[in-house]
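Trainee: Below you will find the structure I want to go over with you.
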Amino acid sequence: MSSKRVFSLVALLLVVVVAVGAGVYVVLRPAETEPTSAPITNEPVPTATGVEKDVKVGVFRSTSPEDVQEFGDWLGRDVDYVVDFSLRSTWKEIANPYDQLKAWQKHDYRIVYGLAMLPEAKHLKVSLAAGADGDYNRYYRRLARNLVEYGQEDAILRLGWEFNLGAWRWHPDDREDFIGYWRQVVKTMRAVPGAENLQFDWNVSSGGNNYNSAVFYPGDAYVDYVGADVYDISWADGTYPYPADCDADCRLQHQKKAWDDVYNAQFGLKHWSRFAAEHGKPLTLPEWGLWDRTVTDGHGGGDNPYFIERMHEFIDDPLNNVAYQAYFQFDVGDNGNHMLTDMPQSQDRFLELFG
């Protein structure tokens with residue numbers, strides 16, 4: 001649901017799709033058709049309000065304090081929050097993520113953990129219904145104790161992150177099972193001495209027009225943040241993949257349509273901003289980024305400064321009440337690449353706006 005920023009002007013890297021803790025998609029395009037310069041938007045970026053500088057800065061760089069420090073040094077800002085994921089094949093890995101606990105123990109970052117609701121090992125017979133009955137509470141009690149022991153009692157937990165994606169084992173069909181299980185976990189973990197300040201981020205993968213995640217909202221008493229993971233991907237007409245021989249102006253038109261889809265889809269970014277406000281919760285962006293999906297299906301924008309500009313505008317808008325944002329600075333291999341290092345025009349724009 002690791003590397004670093006090399007500052008070089010390189011030809012644009014094609015198209016790509018997203019989601020760690022999420023999914024993947026892709027399509028091939030001939031590299032020789034890529035333009036060598038960034039498209040000119042002819043649209044001035046709105047004057048910054050200053051709100052973005054107050055939004056907590058996060059990043060995903062795998063379990064690597066060194067890489068997080070390097071990202072902050074490059075950005076010229078302290079990284080406040082670190083996004084991480086534990087292994088999740090078994091209950092032991094979920095309840096006792098010692099590698100992550102130890103890695104972050106001596107650092108001042110606030111940790112944002114992707115927390116699985118069910119282990120992924122296929123031989124284990126598990127279900128959301130059993131979780132709603134309290135059958136798995138002992139594992140989350142153990143995790144809460146571990147978080148306290150390792151000084152991470154203020155962690156933010158993305159419980160069942162991106163549950164609206166069908167690839168996850170905790171993708172729900174039954175509303176009562178999901179909500180009941182979520183409440184069991186929250187009550188169990190908060191009852192552990194010292195863990196009262198754990199916070200829970202109800203975190204969807206933003207976008208789409210069909211799956212209404214809102215029906216699985218567990219209630220304001222059990223949620224601290226509403227999170228939306230947002231990537232520069234789209235399957236809408238006129239977006240991605242770019243057509244062959246698409247020049248800079250052509251690419252920009254496709255990028256604009258893709259952003260309109262990301263923002264205005266029925267369950268897009270605008271929807272989740274309003275949903276969070278209706279529930280009196282801050283909005284978060286636990287994962288966001290570019291996506292080069294050239295090797296898979298081409299449904300990502302690749303090196304796209306326009307997307308960086310629009311995301312900055314969104315984060316800087318006080319009406320969206322963004323509490324923290326974390327760029328997904330990671331190459332997910334066959335599933336695509338999000339690294340700013342490999343998208344030099346976007347990297348420059350990111351540093352200019354967020355640095």
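Letters A, B, ... go to the chains of the structure tokens in the order shown; residues in each chain start at 1; ligands are counted from 1 in the same order.
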Counting only C-alpha atoms, what is within 12 Å of A:Asn321, bar same-chain residues fewer than 4 positions away, as a list in words?

Mentor: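 Result of the neighbour search: Val51, Glu52, Asp54, Val55, Lys56, Tyr225, Val226, Gly227, Trp272, Ser273, Arg274, Phe275, Ala276, Ala277, Glu278, Gly280, Lys281, Pro282, Leu283, Thr284, Leu285, Phe314, Ile315, Asp316, Asp317 and Gln325 of chain A.
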
Trainee: Export, as a CSV table (one decimal), in the first residue's frame, the selected residues with N, CA, C and O atoms.

Mentor:
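As a result, again.csv now contains:
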chain,number,residue,atom,x,y,z
A,51,VAL,N,-0.4,27.8,4.2
A,51,VAL,CA,-0.9,26.7,5.0
A,51,VAL,C,0.0,25.5,4.8
A,51,VAL,O,0.3,24.7,5.7
A,52,GLU,N,0.5,25.3,3.5
A,52,GLU,CA,1.2,24.1,3.3
A,52,GLU,C,2.5,23.9,4.2
A,52,GLU,O,2.8,22.8,4.6
A,54,ASP,N,2.6,24.6,7.2
A,54,ASP,CA,2.2,24.2,8.5
A,54,ASP,C,1.8,22.7,8.5
A,54,ASP,O,1.6,22.1,9.6
A,55,VAL,N,1.6,22.1,7.3
A,55,VAL,CA,1.2,20.8,7.2
A,55,VAL,C,2.4,19.9,7.5
A,55,VAL,O,3.5,20.1,7.0
A,56,LYS,N,2.2,18.9,8.4
A,56,LYS,CA,3.3,18.0,8.7
A,56,LYS,C,3.8,17.2,7.5
A,56,LYS,O,3.0,16.7,6.7
A,225,TYR,N,-8.5,10.5,11.9
A,225,TYR,CA,-8.2,11.1,10.6
A,225,TYR,C,-9.0,10.4,9.5
A,225,TYR,O,-9.2,9.2,9.6
A,226,VAL,N,-9.3,11.1,8.5
A,226,VAL,CA,-9.8,10.5,7.2
A,226,VAL,C,-8.6,10.7,6.2
A,226,VAL,O,-8.2,11.8,5.9
A,227,GLY,N,-8.1,9.5,5.8
A,227,GLY,CA,-7.0,9.5,4.9
A,227,GLY,C,-7.3,9.1,3.4
A,227,GLY,O,-8.2,8.3,3.2
A,272,TRP,N,-13.4,13.2,-0.7
A,272,TRP,CA,-12.9,12.9,0.6
A,272,TRP,C,-12.6,14.1,1.4
A,272,TRP,O,-12.7,14.0,2.7
A,273,SER,N,-12.2,15.2,0.8
A,273,SER,CA,-12.1,16.4,1.5
A,273,SER,C,-13.4,16.8,2.2
A,273,SER,O,-13.4,17.2,3.4
A,274,ARG,N,-14.5,16.7,1.4
A,274,ARG,CA,-15.8,17.1,2.0
A,274,ARG,C,-16.2,16.1,3.0
A,274,ARG,O,-16.8,16.5,4.0
A,275,PHE,N,-16.0,14.8,2.8
A,275,PHE,CA,-16.4,13.8,3.8
A,275,PHE,C,-15.7,14.0,5.1
A,275,PHE,O,-16.3,13.9,6.2
A,276,ALA,N,-14.4,14.3,5.1
A,276,ALA,CA,-13.6,14.6,6.3
A,276,ALA,C,-14.2,15.8,7.0
A,276,ALA,O,-14.4,15.7,8.3
A,277,ALA,N,-14.5,16.8,6.3
A,277,ALA,CA,-15.1,18.0,6.9
A,277,ALA,C,-16.4,17.7,7.5
A,277,ALA,O,-16.8,18.2,8.6
A,278,GLU,N,-17.3,17.0,6.9
A,278,GLU,CA,-18.6,16.6,7.4
A,278,GLU,C,-18.5,15.9,8.7
A,278,GLU,O,-19.4,16.0,9.5
A,280,GLY,N,-15.9,16.3,10.8
A,280,GLY,CA,-15.1,17.0,11.7
A,280,GLY,C,-13.7,16.4,11.9
A,280,GLY,O,-13.1,16.6,13.0
A,281,LYS,N,-13.2,15.8,10.9
A,281,LYS,CA,-11.9,15.1,11.0
A,281,LYS,C,-10.9,15.8,10.0
A,281,LYS,O,-11.3,16.2,8.9
A,282,PRO,N,-9.6,15.9,10.5
A,282,PRO,CA,-8.6,16.4,9.5
A,282,PRO,C,-8.4,15.4,8.4
A,282,PRO,O,-8.6,14.2,8.6
A,283,LEU,N,-8.1,15.9,7.2
A,283,LEU,CA,-7.8,15.0,6.1
A,283,LEU,C,-6.3,14.7,6.1
A,283,LEU,O,-5.5,15.6,6.4
A,284,THR,N,-5.9,13.5,5.7
A,284,THR,CA,-4.5,13.2,5.5
A,284,THR,C,-4.3,12.6,4.1
A,284,THR,O,-5.2,12.1,3.5
A,285,LEU,N,-3.0,12.7,3.7
A,285,LEU,CA,-2.5,12.1,2.5
A,285,LEU,C,-1.4,11.2,2.8
A,285,LEU,O,-0.2,11.5,2.6
A,314,PHE,N,-3.7,21.9,-3.6
A,314,PHE,CA,-4.7,21.2,-2.7
A,314,PHE,C,-4.3,21.3,-1.3
A,314,PHE,O,-5.1,21.6,-0.4
A,315,ILE,N,-3.0,20.9,-1.0
A,315,ILE,CA,-2.5,20.9,0.3
A,315,ILE,C,-2.5,22.3,1.0
A,315,ILE,O,-2.7,22.4,2.2
A,316,ASP,N,-2.2,23.2,0.1
A,316,ASP,CA,-2.1,24.6,0.6
A,316,ASP,C,-3.5,25.3,0.8
A,316,ASP,O,-3.5,26.4,1.4
A,317,ASP,N,-4.5,24.7,0.4
A,317,ASP,CA,-5.9,25.2,0.6
A,317,ASP,C,-6.4,24.9,2.0
A,317,ASP,O,-6.6,23.8,2.3
A,325,GLN,N,1.0,15.1,5.1
A,325,GLN,CA,1.1,14.5,3.7
A,325,GLN,C,2.5,13.8,3.6
A,325,GLN,O,3.5,14.3,4.1

Trainee: Taking only stretch 186-283 of chain A into account, list the residues labelled strand (DSSP E) by DSSP (computed from the backbone), as a PDB file with C-alpha atoms, in the first residue's frame.

Mentor:
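Contents of states-v6.pdb, as written:
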ATOM      1  CA  GLN A 199      -4.501   7.531  16.668  1.00  0.00           C
ATOM      2  CA  PHE A 200      -6.337   5.808  13.836  1.00  0.00           C
ATOM      3  CA  ASP A 201      -6.434   6.916  10.218  1.00  0.00           C
ATOM      4  CA  TRP A 202      -9.406   5.560   8.242  1.00  0.00           C
ATOM      5  CA  ASN A 203      -7.573   5.447   4.943  1.00  0.00           C
ATOM      6  CA  VAL A 204      -9.027   4.799   1.474  1.00  0.00           C
ATOM      7  CA  SER A 205      -7.472   4.674  -1.951  1.00  0.00           C
ATOM      8  CA  TYR A 225      -8.229  11.149  10.619  1.00  0.00           C
ATOM      9  CA  VAL A 226      -9.758  10.512   7.220  1.00  0.00           C
ATOM     10  CA  GLY A 227      -6.963   9.530   4.853  1.00  0.00           C
ATOM     11  CA  ALA A 228      -6.862   9.388   1.055  1.00  0.00           C
ATOM     12  CA  ASP A 229      -4.012   7.864  -0.961  1.00  0.00           C
ATOM     13  CA  VAL A 230      -3.631   9.744  -4.232  1.00  0.00           C
ATOM     14  CA  TYR A 231      -1.497   8.911  -7.253  1.00  0.00           C
ATOM     15  CA  LEU A 283      -7.802  15.023   6.079  1.00  0.00           C
TER      16      LEU A 283
END

Trainee: For a quick check of understanding, using only C-alpha atoms, which of A:Ala144, A:Val295, A:Val82, A:Val262 has the smallest distance to A:Ile233?

Mentor: A:Val262

Trainee: Looking at only C-alpha atoms, which of A:Gly151, A:Gly207, A:Gly355, A:Gly300 is the one that sits closest to A:His312?

Mentor: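 Among the listed residues, A:Gly355 lies closest to A:His312.
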
Trainee: May I have all residues of stretch 118-209 of chain A that DSSP, computed from the backbone, assigns to helix (DSSP H, G or I), given as number ranges by chain?

Mentor: A: 128-132, 137-149, 175-190

Trainee: Those same residues, written as a tab-separated table (two decimals), in the first residue's frame with N, CA and C atoms?

Mentor:
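Everything below was put into selection_39.tsv:
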chain	number	residue	atom	x	y	z
A	128	LEU	N	-12.95	-11.22	8.57
A	128	LEU	CA	-13.39	-10.00	9.23
A	128	LEU	C	-14.47	-10.31	10.27
A	129	ALA	N	-15.30	-11.31	9.97
A	129	ALA	CA	-16.37	-11.67	10.91
A	129	ALA	C	-15.79	-12.15	12.23
A	130	ALA	N	-14.74	-12.96	12.17
A	130	ALA	CA	-14.10	-13.43	13.40
A	130	ALA	C	-13.48	-12.26	14.15
A	131	GLY	N	-12.90	-11.32	13.40
A	131	GLY	CA	-12.35	-10.14	14.03
A	131	GLY	C	-13.41	-9.32	14.74
A	132	ALA	N	-14.58	-9.22	14.14
A	132	ALA	CA	-15.69	-8.48	14.75
A	132	ALA	C	-16.15	-9.15	16.04
A	137	ASN	N	-8.25	-9.96	19.06
A	137	ASN	CA	-7.88	-8.82	19.90
A	137	ASN	C	-6.51	-8.99	20.55
A	138	ARG	N	-6.13	-10.21	20.88
A	138	ARG	CA	-4.87	-10.43	21.58
A	138	ARG	C	-3.67	-9.97	20.75
A	139	TYR	N	-3.77	-10.08	19.44
A	139	TYR	CA	-2.65	-9.66	18.60
A	139	TYR	C	-2.48	-8.14	18.62
A	140	TYR	N	-3.58	-7.43	18.61
A	140	TYR	CA	-3.50	-5.97	18.62
A	140	TYR	C	-3.16	-5.45	20.02
A	141	ARG	N	-3.53	-6.20	21.05
A	141	ARG	CA	-3.11	-5.84	22.40
A	141	ARG	C	-1.59	-5.96	22.51
A	142	ARG	N	-1.05	-7.03	21.93
A	142	ARG	CA	0.40	-7.22	21.92
A	142	ARG	C	1.09	-6.11	21.14
A	143	LEU	N	0.54	-5.73	20.01
A	143	LEU	CA	1.12	-4.65	19.21
A	143	LEU	C	1.12	-3.34	19.99
A	144	ALA	N	0.03	-3.03	20.65
A	144	ALA	CA	-0.04	-1.79	21.44
A	144	ALA	C	1.02	-1.78	22.52
A	145	ARG	N	1.22	-2.91	23.17
A	145	ARG	CA	2.26	-2.99	24.21
A	145	ARG	C	3.65	-2.79	23.60
A	146	ASN	N	3.87	-3.36	22.42
A	146	ASN	CA	5.15	-3.17	21.75
A	146	ASN	C	5.38	-1.70	21.39
A	147	LEU	N	4.35	-1.04	20.89
A	147	LEU	CA	4.49	0.36	20.53
A	147	LEU	C	4.86	1.21	21.75
A	148	VAL	N	4.23	0.93	22.86
A	148	VAL	CA	4.56	1.65	24.10
A	148	VAL	C	5.99	1.35	24.52
A	149	GLU	N	6.36	0.08	24.49
A	149	GLU	CA	7.70	-0.32	24.93
A	149	GLU	C	8.79	0.33	24.10
A	175	ARG	N	-20.70	-4.85	5.74
A	175	ARG	CA	-20.48	-3.60	6.49
A	175	ARG	C	-20.33	-3.85	7.98
A	176	GLU	N	-21.19	-4.67	8.56
A	176	GLU	CA	-21.17	-4.88	9.99
A	176	GLU	C	-19.89	-5.58	10.44
A	177	ASP	N	-19.39	-6.51	9.64
A	177	ASP	CA	-18.15	-7.19	9.99
A	177	ASP	C	-16.97	-6.22	10.03
A	178	PHE	N	-16.86	-5.39	9.00
A	178	PHE	CA	-15.73	-4.47	8.93
A	178	PHE	C	-15.79	-3.46	10.08
A	179	ILE	N	-16.94	-2.85	10.25
A	179	ILE	CA	-17.07	-1.83	11.29
A	179	ILE	C	-16.89	-2.45	12.67
A	180	GLY	N	-17.49	-3.61	12.89
A	180	GLY	CA	-17.34	-4.27	14.19
A	180	GLY	C	-15.90	-4.62	14.51
A	181	TYR	N	-15.18	-5.09	13.49
A	181	TYR	CA	-13.78	-5.45	13.69
A	181	TYR	C	-12.94	-4.20	13.96
A	182	TRP	N	-13.15	-3.16	13.17
A	182	TRP	CA	-12.42	-1.90	13.37
A	182	TRP	C	-12.59	-1.43	14.82
A	183	ARG	N	-13.80	-1.43	15.31
A	183	ARG	CA	-14.07	-0.95	16.67
A	183	ARG	C	-13.40	-1.85	17.71
A	184	GLN	N	-13.37	-3.14	17.47
A	184	GLN	CA	-12.70	-4.06	18.38
A	184	GLN	C	-11.21	-3.69	18.51
A	185	VAL	N	-10.57	-3.44	17.38
A	185	VAL	CA	-9.14	-3.13	17.38
A	185	VAL	C	-8.88	-1.81	18.11
A	186	VAL	N	-9.66	-0.78	17.79
A	186	VAL	CA	-9.45	0.54	18.40
A	186	VAL	C	-9.63	0.45	19.92
A	187	LYS	N	-10.71	-0.17	20.36
A	187	LYS	CA	-10.96	-0.26	21.81
A	187	LYS	C	-9.89	-1.08	22.50
A	188	THR	N	-9.47	-2.16	21.87
A	188	THR	CA	-8.45	-3.04	22.47
A	188	THR	C	-7.12	-2.32	22.62
A	189	MET	N	-6.68	-1.63	21.58
A	189	MET	CA	-5.37	-0.99	21.62
A	189	MET	C	-5.36	0.22	22.55
A	190	ARG	N	-6.43	0.99	22.54
A	190	ARG	CA	-6.48	2.17	23.41
A	190	ARG	C	-6.60	1.79	24.89

Trainee: When you look at A:Asp80 with a cut-off of 6 Å (counting only C-alpha atoms), what residues show up, excluding the ones that are within fewer than 2 positions of it in the same chain? I need them as a list of chain:residue names.

Mentor: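 Skipping anything fewer than 2 positions along the chain leaves A:Lys56, A:Val57, A:Gly58, A:Tyr109.
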
Trainee: Ranking A:Thr49, A:Gln100, A:Asn335, A:Ser206 by minimum distance to A:Asp292 and counting only C-alpha atoms, which one comes first?

Mentor: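 Smallest distance to A:Asp292 is found for A:Asn335.
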
Trainee: Work out how far atom CA of A:Gln69 is from atom CA of A:Thr47, in Å to one decimal.

Mentor: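 Atom CA of A:Thr47 sits 29.2 Å away from atom CA of A:Gln69.
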
Trainee: Which residue out of A:Asp78, A:Asp260, A:Glu66, A:Asp232 has the minimum interatomic distance to A:Asn337 when only C-alpha atoms are used?

Mentor: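 Among the listed residues, A:Asp232 lies closest to A:Asn337.
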
Trainee: To one decimal place in Å, what is the distance between atom CA of A:Asn164 and atom CA of A:Ala195?

Mentor: 27.6 Å

Trainee: Nearest residue to A:Leu351 out of A:Val223, A:Ala191, A:Leu290, A:Leu75, using only C-alpha atoms?

Mentor: A:Leu75

Trainee: Work out how far apart atom CA of A:Leu198 and atom CA of A:Ile156 are and give it in Å to one decimal.

Mentor: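 Between atom CA of A:Leu198 and atom CA of A:Ile156 the gap is 6.1 Å.
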
Trainee: Out of A:Gly336, A:Gly238, A:Pro305, A:Gly50, which residue has the shortest atom-to-atom distance to A:Arg293 when counting only C-alpha atoms?

Mentor: A:Gly336
